[in-house]
Amino acid sequence: MVNTNKTKKNNREDLEKIGIQIDADETTDTAEEEDDDNEEEDIKQPAKIRKKQNNRKSSKPSDEDEDNSDEDTKLKARNNRRRLPVQNGIRKNKNDKDDESDEEKSTDTAKNSRTKARNKDNGKGEESDDNSELEGENKKTRKNPVHNNNRNNRNNANKRQKDEDNKKVKQANSRGNRKGEKDNGKDKKKKGKSSSSSSSSSDSEDTLSEGELAKVLEEVEEKKMLIAAIRTKAWRMKRKLTTLKESQEFVEKFEGALGKGKGRKFYAYKVMMMKKWIKFKRDFENFKTSCIPWEMKIKEIESHFGSSVASYFIFLRWLYGINLVLFSLTFGLVVIPEVLMGLPYGSIPRKTVPRKEQPTAMDFSVLWEFGGYIKYSALFYGYYNNERMIGVFKYRLPLSYFMVGVGSFGYSLMVVIRTMARNARENGIDGDDGDFNFSWKMFTSWDYLIGNPETADNKFASITTSFKESIVDEEESQKDENIHLRRFLIVLANFLIFCCLAGSGYLIFYVVKKSQTYSTLEELTWYQKNEIDIVMALLGMFVPPLFETIAGLENYHPRIALKWQLWRMFALFLGNLYTFLLALIDQVNAQLAEEESIKNKTLAMVNSFNFTNSTSESIPAIDPADFPRGPCWETGVGLEFTKLTVSDILVTYGSILVGDFLRALFVRFINYCWCWDLEYGFPSYTEFDISGNVLGLIFNQGMIWMGTFYSPGLIGINILRLLTSMYFQCWAVMCCNVPQSRVFKASGSNNFYMSLLLLILFLSLLPVIYTIMTFTPSFDCGPFSGKTKMFEVIMETIQNDFPAFIGKLFSYASNPGLILPGILLMVLAIYYLNATSKTYETANLELKRKMQMLRDEQKNRRNNKYTVNPMLQDLEDLLPNNANVNKPESNQIVIGKQPNEATRANGKHGKEMTLAPPPPRMVVTKPPNPRQVSHIPGQPRSGTPGSGPRRPSPGQSRH
Amino acid sequence: MGNKQTIFTAQQLDAYQDCTFFTRKEILRLFHRYRDLAPHLVPLSYKDNPDVTIPYELIGSMPELKDNPFRQRIAEVFSEDNEGNMTLDDFLDMFSVLSEMAPRDLKACYAFKIYDFNNDNFICKSDLEKTLLKLTRNELTPEEVNLVCEKVLDESDLDNDGKLSLEDFQHMIIQAPDFLSTFHIRI
């Protein structure tokens with residue numbers, strides 16, 4: 001304190017001398033010196049200090065030392081050089097402040113500065129070392145301001161260095177910086193010496209020269225980058241916060257200084273807009289994350305069941321998002337315009353329930369089957385009118401219907417493919433080869449999400465088993481006890497499964513065919529009406545477990561078994577769906593034939609009406625309900641899909657209720673009065689079947705994609721389904737399922753599910769496109785009625801609404817002569833890309849092999865280094881065993897005397913080698929090995945070579 | 001967005017958003033989680049940066065951590081005193097690194113620190129053994145443990161110094177298919 005007082009006094013004196021020249025900043029400086037631990041100083045005038053720090057920071061210590069010592073001598077002289085002492089005072093003041101901040105830091109870290117220093121990267125270690133030293137020396141340094149200065153400068157330089165390291169600035173860049181700053185420092189020195197009364201160059205920004213400007217600009221950019229990337233730094237929060245604050249203030253201060261004249265204003269404007277933009281982005285981000293639903297629910301499930309079960313729910317949420325977009329497209333562009341602007345219900349035949357159906361149109365049983373009023377509503381294709389433009393806005397509804405239908409496919413495709421690409425990118429190089437089998441097991445098998453003791457127990461158990469399995473695999477690679485039996489079993493299993501698939505396909509075909517004969521019957525029982533759905537649901541329920549049982553024959557590794565199981569289920573569902581589709585197309589063809597006759601009849605009727613009523617000019621007053629109409633196959637298709645979806649929902653929910661909930665209830669409560677433990681014994685609780693559920697979702701989505709073109713309301717139903725199943729399944733999982741005993745990787749199969757989804761999307765695209773391209777739309781219902789093909793709506797629009805040349809262009813583009821080369825080009829491109837990727841792959845493999853070779857070589861060399869010594873030891877051990885030797889010393893003498901004797905020569909060889917440095921002398925060390933063995937009598941042959949490999953590996957010998 | 005909160009100043013919140021991968025709402029939620037651990041210790045306002053630490057016993061009892069075999073290591077690595085006692089800053093830091101948004105490199109760096117039990121900047125064999133014992137709850141025989149550790153070193157130790165450096169570790173973990181999905185705690 002005495003010391004500080006002294007310096008203070010100095011300053012005071014200086015101040016008095018300078019009088020007017022001191023500006024406000026400096027007075028505060030000195031005033032604040034009085035209370036040493038005043039942190040606010042930093043806030044009051046941070047920029048200035050920092051600027052100076054910056055100037056000083058990177059100047060070379062030697063320079064700086066010189067500078068300071070210079071200045072200090074002047075301080076001692078304390079005379080007419082007025083400016084300088086003040087500067088120095090400020091400096092010292094600043095140094096004090098630096099000390100304080102350092103002190104602060106070091107007190108923070110003092111406790112374990114040791115461990116930290118070891119812990120952290122070099123730079124940091126240095127710093128904390130420095131800090132602790134500083135702390136120790138603080139008092140000393142107070143006494144000796146020069147030293148203090150130096151110390152601080154070095155510290156600053158250190159810091160600077162470290163910063164640079166961290167920021168990873170290009171070296172050239174930083175070199176330039178340093179140089180510039182050195183110059184700056186020299187400048188200042190000169191000024192100091194000449195005691196110019198002008199403010200130092202760093203004090204005002206107006207005097208920045210071009211070079212400095214560039215430098216500052218660079219630095220500002222640098223700081224900005226730092227701000228943007230600060231969250232990815234592995235620093236302590238405190239450090240991050242201070243660095244952030246510093247750089248932000250720096251940027252704020254110097255951003256305005258950049259640019260000149262007009263440019264300056266523009267720059268300021270740009271900066272301002274940038275800030276606004278960043279703020280907006282952040283707010284938007286905040287808003288976006290707050291919009292993501294079910295975050296907490298999923299978190300809860302994750303902590304209970306681990307990431308694999310949660311991945312199902314995340315998938316469900318993702319699908320919900322896609323469906324929401326499709327829903328808004330369909331409803332916003334098709335359904336709502338039709339309802340608002342189209343003709344109202346009952347105005348034309350297609351919008352009216354036929355007279356025959358009217359009595360039952362409001363019955364629940366009919367509505368439940370989507371008959372009656374629902375069938376003749378905007379939820380189905382048939383309701384839409386073929387008027388080209390509707391409403392006051394001249395909304396082109398048929399065009400919009402077509403475009404939305406195609407657009408939703410396009411959107412889904414894009415989203416799925418993009419997600420797949422992102423997944424692939426995130427998963428990086430798919431290291432599927434067992435390079436890091438054990439390492440991955442060791443470091444990535446624990447699921448940090450788990451927060452439930454039971455799950456944790458399961459996880460521990462499964463990790464242990466997986467380790468044991470790999471150990472067994474490692475120890476004895478693939479023991480095949482009876483390969484023939486195994487092959488036979490595999491073939492048998494596949495045959496059985498094929499039979500199952502074929503059988504289920506035939507069953508569905510049969511049922512659909514049978515249901516077509518029902519249409520001739522008058523009275524249909526409930527079973528007859530729902531036969532197809534019931535059969536499909538039952539198949540979906542019972543065949544997969546059957547597959548699983550059969551797959552038990554194969555005795556695959558569970559992960560491979562899971563993949564097989566998934567593919568088989570996929571084949572089953574797909575087969576069922578396609579049989580269903582084929583049968584449906586048959587039905588459509590039949591309806592088309594029927595339609596033809598009805599169409600003729602109607603036309604005749606209309607004609608007769610016109611004919612009879614031509615004299616009286618009144619419009620024929622025929623009720624739309626009585627109008628004869630065709631079967632409208634599009635609505636029929638939509639209806640089938642809707643029914644299928646609904647029955648699928650019901651079956652899913654029913655199976656959850658019965659299979660999970662009731663079973664859980666039974667196990668839970670009957671357990672009190674049962675002869676064995678139900679909870680851990682036979683029925684037990686169900687596990688959540690991820691793969692089955694995901695497949696169910698995927699197929700449901702496929703049906704939605706297929707059906708939505710003919711039934712725009714289907715997507716609404718699906719939205720409801722996903723929404724309810726989110727809550728329902730969350731509840732069911734939490735209340736009646738137990739964590740899986742075998743936990744599979746979640747992310748690994750992520751893209752597997754995605755590719756299934758993509759496949760389904762493509763497969764559901766096919767029939768829709770097929771029907772659009774080949775079938776004639778119904779003549780009296782739907783937006784495309786009256787056209788021979790649905791896609792004609794595009795031609796029509798082009799002809800009527802676009803200028804002529806576009807039509808011409810289009811006709812050229814649709815010319816087969818152009819399309820075929822286009823396809824050819826695409827095929828060629830695919831071929832080329834494929835070939836390139838193959839080349840890359842081989843190059844990759846080659847590199848990998850090279851790396852492996854290098855590694856092996858290195859390892860060998862190192863191992864040899866270690867095996868040299870053990871081998872020598874062996875040799876030495878062997879020598880006493882030589883039977884003739886009891887005293888090694890005498891032996892050695894003998895060796896010296898009689899070098900001819902073989903064993904002795906060998907021994908001598910060994911001795912020499914112990915004296916020689918052990919480095920990699922493969923050539924020298926190898927030869928004696930066999931020779932020695934062969935020449936030593938009474939030594940078992942296998943002794944020495946066996947001991948070589950049995951040596952502890954380098955890793956072991958280290959610890 | 002308009003809901004006023006009195007815990008942080010706007011600048012503090014902005015700074016935290018810059019330094020972590022969290023949004024405003026999440027930071028507030030984390031603060032409340034932090035405060036719920038020790039309501040008597042943590043004040044309701046952080047405007048003047050109170051110096052509060054929560055002892056490890058409370059941090060380790062969080063449901064997110066309590067079943068994690070590495071909870072003590074996590075707390076130690078992220079706490080400023082290396083003993084698991086955490087300030088709010090450390091707490092935010094921890095969950096920021098473990099959040100879904102954190103990049104792979106950052107996660108790998110901290111994972112390395114977590115598995116480096118003796119803080120010597122290398123994962124050596126004793127660290128591996130400890131990790132394995134924690135993962136399997138001592139259910140492997142010593143020979144098996146030894147074998148596994150050697151296999152791990154054999155696979156990942158690129159420079160053959162008998163221990164894993166950060167580079168070795170990163171090289172290995174960057175190819176791991178489910179490192180990102182499992183090394184994360186949703187809060």
# chains A, B, ... in the order shown; residues from 1 in each chain; ligands from 1
call {"tool": "select_by_dssp", "arguments": {"residues": "range 325-452 of chain A", "states": "alpha helix (DSSP H)", "output": "ChimeraX atom specification"}}
result
/A:325-330,336-341,364-368,372-375,397-427,437-444
call {"tool": "residues_around", "arguments": {"residues": "Asp157 in chain B", "least_positions_apart": "4", "cutoff": "12 Å", "atoms": "only C-alpha atoms", "output": "mmCIF file with N, CA, C and O atoms, in the first residue's frame"}}
result
data_model
loop_
_atom_site.group_PDB
_atom_site.id
_atom_site.type_symbol
_atom_site.label_atom_id
_atom_site.label_comp_id
_atom_site.auth_asym_id
_atom_site.auth_seq_id
_atom_site.Cartn_x
_atom_site.Cartn_y
_atom_site.Cartn_z
ATOM 1 N N ASP A 435 -13.535 -51.782 -37.286
ATOM 2 C CA ASP A 435 -12.263 -51.185 -36.912
ATOM 3 C C ASP A 435 -12.206 -50.838 -35.433
ATOM 4 O O ASP A 435 -11.207 -51.032 -34.763
ATOM 5 N N PHE A 436 -13.312 -50.291 -34.982
ATOM 6 C CA PHE A 436 -13.307 -49.774 -33.619
ATOM 7 C C PHE A 436 -14.362 -50.468 -32.772
ATOM 8 O O PHE A 436 -15.010 -49.836 -31.952
ATOM 9 N N SER A 439 -13.712 -50.138 -29.042
ATOM 10 C CA SER A 439 -13.665 -48.739 -28.618
ATOM 11 C C SER A 439 -15.058 -48.140 -28.602
ATOM 12 O O SER A 439 -15.443 -47.447 -27.665
ATOM 13 N N GLN A 852 -3.377 -48.367 -42.365
ATOM 14 C CA GLN A 852 -3.283 -49.560 -41.533
ATOM 15 C C GLN A 852 -1.862 -50.125 -41.602
ATOM 16 O O GLN A 852 -1.271 -50.491 -40.585
ATOM 17 N N ARG A 855 0.487 -48.046 -39.682
ATOM 18 C CA ARG A 855 0.297 -48.287 -38.259
ATOM 19 C C ARG A 855 0.974 -49.570 -37.824
ATOM 20 O O ARG A 855 1.657 -49.637 -36.813
ATOM 21 N N ASP A 856 0.745 -50.582 -38.633
ATOM 22 C CA ASP A 856 1.306 -51.884 -38.284
ATOM 23 C C ASP A 856 2.820 -51.819 -38.230
ATOM 24 O O ASP A 856 3.450 -52.371 -37.325
ATOM 25 N N GLN A 858 4.648 -49.231 -37.711
ATOM 26 C CA GLN A 858 5.056 -48.494 -36.519
ATOM 27 C C GLN A 858 4.979 -49.388 -35.294
ATOM 28 O O GLN A 858 5.873 -49.429 -34.458
ATOM 29 N N LYS A 859 3.884 -50.089 -35.248
ATOM 30 C CA LYS A 859 3.665 -50.952 -34.090
ATOM 31 C C LYS A 859 4.758 -52.010 -34.011
ATOM 32 O O LYS A 859 5.298 -52.285 -32.951
ATOM 33 N N PRO A 954 3.417 -53.530 -25.095
ATOM 34 C CA PRO A 954 3.970 -52.252 -24.629
ATOM 35 C C PRO A 954 3.018 -51.506 -23.713
ATOM 36 O O PRO A 954 3.433 -50.902 -22.738
ATOM 37 N N GLY A 955 1.752 -51.603 -24.074
ATOM 38 C CA GLY A 955 0.785 -50.863 -23.262
ATOM 39 C C GLY A 955 0.817 -51.337 -21.815
ATOM 40 O O GLY A 955 0.771 -50.562 -20.874
ATOM 41 N N PHE B 122 -4.507 -37.931 -21.096
ATOM 42 C CA PHE B 122 -4.470 -39.147 -21.901
ATOM 43 C C PHE B 122 -5.443 -40.139 -21.290
ATOM 44 O O PHE B 122 -5.599 -40.186 -20.074
ATOM 45 N N ILE B 123 -6.055 -40.921 -22.132
ATOM 46 C CA ILE B 123 -6.838 -42.026 -21.596
ATOM 47 C C ILE B 123 -5.897 -43.216 -21.564
ATOM 48 O O ILE B 123 -5.575 -43.792 -22.599
ATOM 49 N N CYS B 124 -5.450 -43.530 -20.394
ATOM 50 C CA CYS B 124 -4.508 -44.638 -20.326
ATOM 51 C C CYS B 124 -5.248 -45.879 -19.859
ATOM 52 O O CYS B 124 -6.464 -45.872 -19.700
ATOM 53 N N LYS B 125 -4.524 -46.918 -19.616
ATOM 54 C CA LYS B 125 -5.183 -48.187 -19.381
ATOM 55 C C LYS B 125 -6.019 -48.178 -18.110
ATOM 56 O O LYS B 125 -7.093 -48.768 -18.059
ATOM 57 N N CYS B 149 -9.548 -53.910 -22.639
ATOM 58 C CA CYS B 149 -8.741 -52.695 -22.633
ATOM 59 C C CYS B 149 -7.643 -52.782 -23.678
ATOM 60 O O CYS B 149 -7.370 -51.819 -24.395
ATOM 61 N N GLU B 150 -7.053 -53.943 -23.767
ATOM 62 C CA GLU B 150 -5.992 -54.077 -24.758
ATOM 63 C C GLU B 150 -6.538 -53.956 -26.161
ATOM 64 O O GLU B 150 -5.908 -53.355 -27.042
ATOM 65 N N LYS B 151 -7.726 -54.515 -26.358
ATOM 66 C CA LYS B 151 -8.319 -54.419 -27.687
ATOM 67 C C LYS B 151 -8.597 -52.960 -28.031
ATOM 68 O O LYS B 151 -8.349 -52.520 -29.153
ATOM 69 N N VAL B 152 -9.115 -52.241 -27.052
ATOM 70 C CA VAL B 152 -9.425 -50.830 -27.299
ATOM 71 C C VAL B 152 -8.154 -50.086 -27.678
ATOM 72 O O VAL B 152 -8.121 -49.334 -28.657
ATOM 73 N N LEU B 153 -7.110 -50.319 -26.907
ATOM 74 C CA LEU B 153 -5.851 -49.633 -27.207
ATOM 75 C C LEU B 153 -5.355 -50.046 -28.583
ATOM 76 O O LEU B 153 -4.874 -49.238 -29.362
ATOM 77 N N ASP B 161 1.428 -45.195 -28.336
ATOM 78 C CA ASP B 161 2.143 -44.855 -27.111
ATOM 79 C C ASP B 161 1.476 -45.494 -25.902
ATOM 80 O O ASP B 161 1.717 -45.114 -24.774
ATOM 81 N N GLY B 162 0.588 -46.429 -26.154
ATOM 82 C CA GLY B 162 0.009 -47.164 -25.046
ATOM 83 C C GLY B 162 -1.087 -46.429 -24.329
ATOM 84 O O GLY B 162 -1.593 -46.884 -23.315
ATOM 85 N N LYS B 163 -1.461 -45.277 -24.842
ATOM 86 C CA LYS B 163 -2.583 -44.556 -24.253
ATOM 87 C C LYS B 163 -3.239 -43.749 -25.349
ATOM 88 O O LYS B 163 -2.638 -43.499 -26.391
ATOM 89 N N LEU B 164 -4.478 -43.354 -25.101
ATOM 90 C CA LEU B 164 -5.204 -42.626 -26.125
ATOM 91 C C LEU B 164 -5.034 -41.135 -25.895
ATOM 92 O O LEU B 164 -5.349 -40.625 -24.830
ATOM 93 N N SER B 165 -4.540 -40.460 -26.908
ATOM 94 C CA SER B 165 -4.506 -39.011 -26.818
ATOM 95 C C SER B 165 -5.832 -38.475 -27.333
ATOM 96 O O SER B 165 -6.671 -39.228 -27.832
ATOM 97 N N LEU B 166 -5.995 -37.159 -27.210
ATOM 98 C CA LEU B 166 -7.246 -36.560 -27.673
ATOM 99 C C LEU B 166 -7.439 -36.812 -29.164
ATOM 100 O O LEU B 166 -8.554 -37.073 -29.614
ATOM 101 N N GLU B 167 -6.354 -36.784 -29.918
ATOM 102 C CA GLU B 167 -6.471 -36.987 -31.365
ATOM 103 C C GLU B 167 -6.936 -38.411 -31.661
ATOM 104 O O GLU B 167 -7.821 -38.617 -32.478
ATOM 105 N N ASP B 168 -6.329 -39.353 -30.977
ATOM 106 C CA ASP B 168 -6.760 -40.742 -31.160
ATOM 107 C C ASP B 168 -8.244 -40.870 -30.881
ATOM 108 O O ASP B 168 -8.997 -41.465 -31.640
ATOM 109 N N PHE B 169 -8.608 -40.270 -29.764
ATOM 110 C CA PHE B 169 -9.985 -40.401 -29.313
ATOM 111 C C PHE B 169 -10.935 -39.777 -30.332
ATOM 112 O O PHE B 169 -11.946 -40.368 -30.690
ATOM 113 N N GLN B 170 -10.564 -38.586 -30.790
ATOM 114 C CA GLN B 170 -11.445 -37.914 -31.748
ATOM 115 C C GLN B 170 -11.549 -38.714 -33.037
ATOM 116 O O GLN B 170 -12.633 -38.865 -33.593
ATOM 117 N N HIS B 171 -10.427 -39.217 -33.467
ATOM 118 C CA HIS B 171 -10.437 -39.991 -34.703
ATOM 119 C C HIS B 171 -11.385 -41.181 -34.587
ATOM 120 O O HIS B 171 -12.125 -41.504 -35.509
ATOM 121 N N MET B 172 -11.333 -41.786 -33.412
ATOM 122 C CA MET B 172 -12.159 -42.966 -33.215
ATOM 123 C C MET B 172 -13.637 -42.579 -33.096
ATOM 124 O O MET B 172 -14.496 -43.191 -33.703
#
call {"tool": "closest_residue", "arguments": {"among": "B:Lys47, B:His40, B:Leu106, B:Asp89", "to": "Gln11 in chain B", "atoms": "only C-alpha atoms"}}
result
B:Lys47
call {"tool": "closest_atom_pairs", "arguments": {"of": "chain B", "to": "chain A", "cutoff": "6 Å", "atoms": "only C-alpha atoms", "output": "Markdown table"}}
result
| residue | atom | partner | partner_atom | distance |
| --- | --- | --- | --- | --- |
| B:Cys19 | CA | A:Arg231 | CA | 4.4 |
| B:Thr20 | CA | A:Arg231 | CA | 5.2 |
| B:Thr23 | CA | A:Asn286 | CA | 5.4 |
| B:Pro63 | CA | A:Gly451 | CA | 5.6 |
| B:Glu64 | CA | A:Gly451 | CA | 5.1 |
| B:Asp67 | CA | A:Gly451 | CA | 5.5 |
| B:Asp89 | CA | A:Met237 | CA | 5.6 |
| B:Asn119 | CA | A:Asn119 | CA | 5.9 |
| B:Thr136 | CA | A:Thr464 | CA | 5.2 |
| B:Val152 | CA | A:Ser439 | CA | 4.9 |
| B:Glu155 | CA | A:Phe436 | CA | 5.7 |
| B:Gly162 | CA | A:Gly955 | CA | 4.2 |
| B:Gln175 | CA | A:Gly431 | CA | 5.7 |
| B:Pro177 | CA | A:Asn427 | CA | 5.6 |
| B:Asp178 | CA | A:Ser747 | CA | 5.8 |
| B:Phe179 | CA | A:Thr444 | CA | 5.2 |
| B:Thr182 | CA | A:Asp447 | CA | 4.6 |
| B:Phe183 | CA | A:Tyr448 | CA | 5.5 |
| B:His184 | CA | A:Tyr448 | CA | 5.7 |
| B:Ile185 | CA | A:Leu449 | CA | 5.0 |
call {"tool": "closest_residue", "arguments": {"among": "A:Val406, A:Val512, A:Leu845, A:Ala604", "to": "Met790 in chain A", "atoms": "only C-alpha atoms"}}
result
A:Val406
